[in-house]
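Visitor: Can you read through this structure? Questions will come right after.
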Amino acid sequence: MERKQSRSTRPEQPVTTLLGDIETRLRQLIEAIASEPAPRKGPGAPLVLPAMLLWSSVIVGVLRGFRTQAELWRLVSMYGLWSYPRVSVSEEAVRRRLIGATEQMRLFFEQITDLLAARLAPYAERSLASFAAMVVALDAMTLDPVVRQLPMLQNGKRVPGSELPGKLATRFDLRLQQWQRVEYVANPHENDKVRAQSLVEDLPRGSLILADLGYFAFAWFDGLTEKGHFWISRIREKTTYEVIHVFYAEGETRDELVWLGQYRADRAAHAVRLVQFRANGHVARYITNVLDPAVLPIGEIARVYARRWDVELAFKLVKRELGLHLLWSSNVEIILSQVWAVLLISQILQGIRKEVAGRAEVDVFEVSMPLLVEAVVRFAERGLDPLEAIVERGRFGRIIRPSRRLKIQAPEIPPERITPLPKGLSLQRRARYARRKCGPRKAKPGVQL
């Protein structure tokens with residue numbers, strides 16, 4: 001009689017969980033890129049550190065909270081990773097290989113992002129500014145200083161301070177909670193508006209863009225409007241404007257159509273809406289090029305713009321939870337390899353939280369990210385599908401709990417109290433942009449992540 005096949009020798013079942021998809025895809029990408037080592041040109045010994053092992057170790061190093069490049073070297077040379085054999089290699093050899101890792105890590109990030117976008121599409125928050133093709137937030141994150149143990153010298157004299165390795169200019173998808181585009185900027189003091197054009201150049205027409213006052217500029221607003229995009233911003237203090245129509249006005253609550261720039265030396269070309277109301281003890285003021293209050297009511301403007309804070313929470317994840325505030329090196333190429341690995345893991349974790357929220361039918365911010373990270377590891381260790389287990393037991397374990405985010409209580413204006421635009425009102429004029437040092441200027445090519 002034929003014996004039944006033992007569990008240990010049965011063929012593996014297809015992996016269908018999100019974690020299984022990601023892990024399988026990561027291995028496929030690594031094997032496709034690093035299956036054959038590039039031949040060495042010229043004299044010298046062949047490479048002894050496989051690329052597959054190096055890239056895997058970088059990602060695992062982020063997950064395990066490595067603080068220095070030396071820890072990565074010890075992993076591959078002393079302890080070994082997974083089923084890979086230990087590699088007798090010097091720390092300098094690991095450093096040299098990391099310098100060439102940037103392009104491979106970028107490819108991992110892009111393909112994992114595409115995989116997650118397809119997986120998370122059913123859970124996209126379509127109700128967020130439903131009139132827009134896409135809703136994104138722009139912001140920049142400065143990489144923390146590389147701390148030097150030895151004093152810095154200038155002209156033979158000791159000077160204090162540490163070196164800033166640069167910053168990341170980013171675009172974040174608010175409906176999917178995913179990074180869409182990231183550019184490395186070598187100069188950490190570069191004005192954010194310099195990279196703004198490249199960050200939005202591939203957005204579909206009709207996208208809604210949220211940005212803070214670091215991007216405030218008349219030319220920037222006009223450019224987005226002429227490209228067919230929507231935008232919302234706070235208004236900068238002391239910005240002059242001219243009211244050309246009042247949709248609604250009662251007390252401190254106002255909804256008006258205005259020209260930005262009251263003087264000929266500096267004025268925008270397109271009319272915009274300026275809304276204001278009192279909330280949480282202060283007067284909030286926003287401007288937008290969505291001119292129809294029926295499409296974007298005053299209360300919805302405040303609620304949508306408050307989601308710009310999502311990108312700040314994403315920065316918190318990569319810096320605090322994933323350790324990007326601890327840079328392994330002062331070499332830019334090695335820093336970028338670490339940045340790629342951190343962003344890749346961030347995409348995966350954000351994707352897991354988004355799918356958990358979708359399955360549990362709750363807001364994504366009702367899922368605690370720190371507790372989610374812990375739960376994924378614990379359930380996976382027990383052989384359970386982490387997503388199913390968290391959806392089933394998350395409320396009991398307070399992984400899923402009411403969000404403590406501040407909600408802006410904006411007024412709701414009845415449609416019948418809105419004064420419509422008069423026929424024939426001109427909404428465009430000749431622009432003139434004052435030349436300021438902080439204004440938009442042509443950017444040098446950056447490194448897209």
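Every chain in the structure tokens takes a letter, A first, then B, and so on in the order presented; its residues are numbered from 1, and the ligands are numbered from 1 following the presented order.
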With a distance cut-off of 7 Å and only C-alpha atoms, select the neighbouring residues of A:Arg401, excluding the residue or stretch itself and same-chain residues fewer than 4 positions from it, and output the selection as a PyMOL selection string.

Guide: chain A and resi 366-367+395

Visitor: Apply DSSP to the structure's backbone, then extract all residues of stretch 213-447 of chain A labelled strand (DSSP E) and return them as number ranges by chain.

Guide: A: 230-234, 241-250, 253-260, 272-279, 282-288, 447

Visitor: Grab the residues selected above and save them as a short mmCIF file (atom, residue, chain, number, x, y, z; two decimals), in the first residue's frame with N, CA, C and O atoms.

Guide:
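Once everything was written out, this is selection.cif:
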```cif
data_model
loop_
_atom_site.label_atom_id
_atom_site.label_comp_id
_atom_site.auth_asym_id
_atom_site.auth_seq_id
_atom_site.Cartn_x
_atom_site.Cartn_y
_atom_site.Cartn_z
N PHE A 230 -5.93 70.31 -9.43
CA PHE A 230 -6.55 71.03 -8.33
C PHE A 230 -5.55 71.12 -7.18
O PHE A 230 -4.64 70.30 -7.07
N TRP A 231 -5.70 72.11 -6.32
CA TRP A 231 -4.80 72.26 -5.18
C TRP A 231 -5.51 72.97 -4.03
O TRP A 231 -6.47 73.71 -4.23
N ILE A 232 -5.02 72.71 -2.82
CA ILE A 232 -5.46 73.39 -1.61
C ILE A 232 -4.23 73.77 -0.82
O ILE A 232 -3.28 72.99 -0.71
N SER A 233 -4.24 74.98 -0.26
CA SER A 233 -3.12 75.45 0.54
C SER A 233 -3.64 76.36 1.64
O SER A 233 -4.74 76.93 1.52
N ARG A 234 -2.88 76.49 2.70
CA ARG A 234 -3.14 77.60 3.63
C ARG A 234 -2.65 78.88 2.98
O ARG A 234 -1.82 78.85 2.06
N TYR A 241 -4.65 90.47 -1.30
CA TYR A 241 -5.61 89.91 -2.25
C TYR A 241 -6.74 90.91 -2.44
O TYR A 241 -6.95 91.83 -1.65
N GLU A 242 -7.50 90.69 -3.52
CA GLU A 242 -8.64 91.55 -3.85
C GLU A 242 -9.87 90.68 -4.02
O GLU A 242 -9.88 89.74 -4.82
N VAL A 243 -10.93 90.96 -3.25
CA VAL A 243 -12.17 90.18 -3.33
C VAL A 243 -12.95 90.59 -4.58
O VAL A 243 -13.18 91.78 -4.81
N ILE A 244 -13.34 89.58 -5.38
CA ILE A 244 -14.12 89.88 -6.59
C ILE A 244 -15.53 89.28 -6.53
O ILE A 244 -16.38 89.63 -7.35
N HIS A 245 -15.78 88.37 -5.58
CA HIS A 245 -17.13 87.84 -5.40
C HIS A 245 -17.21 87.19 -4.02
O HIS A 245 -16.25 86.58 -3.55
N VAL A 246 -18.37 87.30 -3.39
CA VAL A 246 -18.61 86.70 -2.08
C VAL A 246 -19.67 85.61 -2.22
O VAL A 246 -20.82 85.89 -2.55
N PHE A 247 -19.26 84.35 -1.99
CA PHE A 247 -20.22 83.24 -2.01
C PHE A 247 -21.06 83.22 -0.74
O PHE A 247 -22.27 82.98 -0.78
N TYR A 248 -20.38 83.51 0.40
CA TYR A 248 -21.07 83.44 1.69
C TYR A 248 -20.26 84.24 2.70
O TYR A 248 -19.03 84.20 2.70
N ALA A 249 -20.95 84.96 3.56
CA ALA A 249 -20.28 85.72 4.62
C ALA A 249 -21.22 85.88 5.79
O ALA A 249 -22.32 86.43 5.65
N GLU A 250 -20.77 85.40 6.95
CA GLU A 250 -21.53 85.57 8.18
C GLU A 250 -20.55 85.46 9.35
O GLU A 250 -19.98 84.39 9.60
N THR A 253 -17.07 83.44 9.40
CA THR A 253 -17.12 82.43 8.34
C THR A 253 -17.32 83.12 7.00
O THR A 253 -18.31 83.83 6.80
N ARG A 254 -16.38 82.90 6.08
CA ARG A 254 -16.44 83.56 4.77
C ARG A 254 -15.99 82.58 3.69
O ARG A 254 -15.12 81.73 3.90
N ASP A 255 -16.61 82.71 2.52
CA ASP A 255 -16.23 81.94 1.33
C ASP A 255 -16.26 82.93 0.17
O ASP A 255 -17.33 83.37 -0.25
N GLU A 256 -15.06 83.28 -0.35
CA GLU A 256 -14.95 84.37 -1.31
C GLU A 256 -14.10 83.96 -2.51
O GLU A 256 -13.25 83.06 -2.41
N LEU A 257 -14.31 84.65 -3.62
CA LEU A 257 -13.46 84.52 -4.79
C LEU A 257 -12.54 85.73 -4.82
O LEU A 257 -13.00 86.87 -4.73
N VAL A 258 -11.22 85.50 -4.95
CA VAL A 258 -10.27 86.61 -4.84
C VAL A 258 -9.19 86.51 -5.92
O VAL A 258 -8.95 85.44 -6.49
N TRP A 259 -8.54 87.66 -6.16
CA TRP A 259 -7.28 87.71 -6.90
C TRP A 259 -6.15 87.71 -5.88
O TRP A 259 -6.15 88.52 -4.96
N LEU A 260 -5.20 86.83 -6.02
CA LEU A 260 -4.02 86.85 -5.16
C LEU A 260 -3.04 87.90 -5.67
O LEU A 260 -2.67 87.91 -6.84
N VAL A 272 -8.91 82.55 -7.28
CA VAL A 272 -8.98 81.40 -6.37
C VAL A 272 -10.03 81.67 -5.30
O VAL A 272 -10.45 82.81 -5.09
N ARG A 273 -10.44 80.60 -4.61
CA ARG A 273 -11.34 80.74 -3.47
C ARG A 273 -10.54 80.90 -2.20
O ARG A 273 -9.54 80.20 -1.97
N LEU A 274 -10.98 81.84 -1.37
CA LEU A 274 -10.42 82.02 -0.03
C LEU A 274 -11.54 81.76 0.97
O LEU A 274 -12.58 82.42 0.93
N VAL A 275 -11.34 80.77 1.84
CA VAL A 275 -12.35 80.45 2.85
C VAL A 275 -11.73 80.62 4.23
O VAL A 275 -10.53 80.41 4.42
N GLN A 276 -12.56 81.02 5.19
CA GLN A 276 -12.09 81.13 6.56
C GLN A 276 -13.23 80.82 7.53
O GLN A 276 -14.41 81.02 7.21
N PHE A 277 -12.86 80.33 8.70
CA PHE A 277 -13.82 80.03 9.75
C PHE A 277 -13.04 79.85 11.05
O PHE A 277 -11.82 79.65 11.05
N ARG A 278 -13.73 79.93 12.16
CA ARG A 278 -13.09 79.73 13.46
C ARG A 278 -13.22 78.26 13.86
O ARG A 278 -14.31 77.69 13.85
N ALA A 279 -12.09 77.65 14.24
CA ALA A 279 -12.07 76.25 14.67
C ALA A 279 -11.00 76.07 15.72
O ALA A 279 -9.87 76.56 15.57
N HIS A 282 -9.00 79.25 16.94
CA HIS A 282 -8.30 80.16 16.05
C HIS A 282 -9.01 80.20 14.70
O HIS A 282 -9.80 79.31 14.37
N VAL A 283 -8.70 81.22 13.89
CA VAL A 283 -9.31 81.38 12.58
C VAL A 283 -8.46 80.64 11.55
O VAL A 283 -7.27 80.92 11.38
N ALA A 284 -9.08 79.65 10.88
CA ALA A 284 -8.40 78.89 9.83
C ALA A 284 -8.71 79.52 8.48
O ALA A 284 -9.85 79.91 8.21
N ARG A 285 -7.68 79.62 7.61
CA ARG A 285 -7.85 80.24 6.28
C ARG A 285 -7.16 79.36 5.24
O ARG A 285 -5.99 79.00 5.39
N TYR A 286 -7.91 79.04 4.18
CA TYR A 286 -7.39 78.19 3.12
C TYR A 286 -7.69 78.84 1.77
O TYR A 286 -8.67 79.59 1.62
N ILE A 287 -6.86 78.50 0.77
CA ILE A 287 -7.14 78.92 -0.60
C ILE A 287 -7.11 77.67 -1.49
O ILE A 287 -6.41 76.69 -1.21
N THR A 288 -7.90 77.70 -2.57
CA THR A 288 -7.98 76.59 -3.49
C THR A 288 -8.41 77.08 -4.86
O THR A 288 -9.06 78.14 -4.97
N VAL A 447 18.19 62.66 -7.79
CA VAL A 447 18.16 61.19 -7.81
C VAL A 447 16.77 60.76 -7.42
O VAL A 447 16.34 60.98 -6.31
#
```

Visitor: Which is closest to A:Val377 among A:Ala118, A:Ala410, A:Ala389, A:Ala294, if we use only C-alpha atoms?

Guide: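 Going through A:Ala118, A:Ala410, A:Ala389, A:Ala294 one by one, the smallest distance to A:Val377 is for A:Ala389.
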
Visitor: If we count only C-alpha atoms and set the cut-off at 7 Å, which residues sit around A:Val391, ignoring sequence neighbours fewer than 3 positions away in its own chain? Please answer as a list in words.

Guide: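 The neighbour list is Val356, Arg359, Ala360, Leu387, Glu388 and Gly394 of chain A.
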
Visitor: Going by DSSP on the backbone, which bits of stretch 252-308 of chain A are alpha helix (DSSP H)? Write them as a PyMOL selection string, please.

Guide: chain A and resi 298-306

Visitor: From the options A:Glu71, A:Glu226, A:Glu312, A:Glu125, which residue's atoms come nearest to A:Ala269, counting only C-alpha atoms?

Guide: A:Glu226

Visitor: Counting only C-alpha atoms, figure out which residue out of A:Gly261, A:Gly358, A:Gly206, A:Gly397 gets nearest to A:Ala132.

Guide: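 Closest to A:Ala132, using only C-alpha atoms: A:Gly206.
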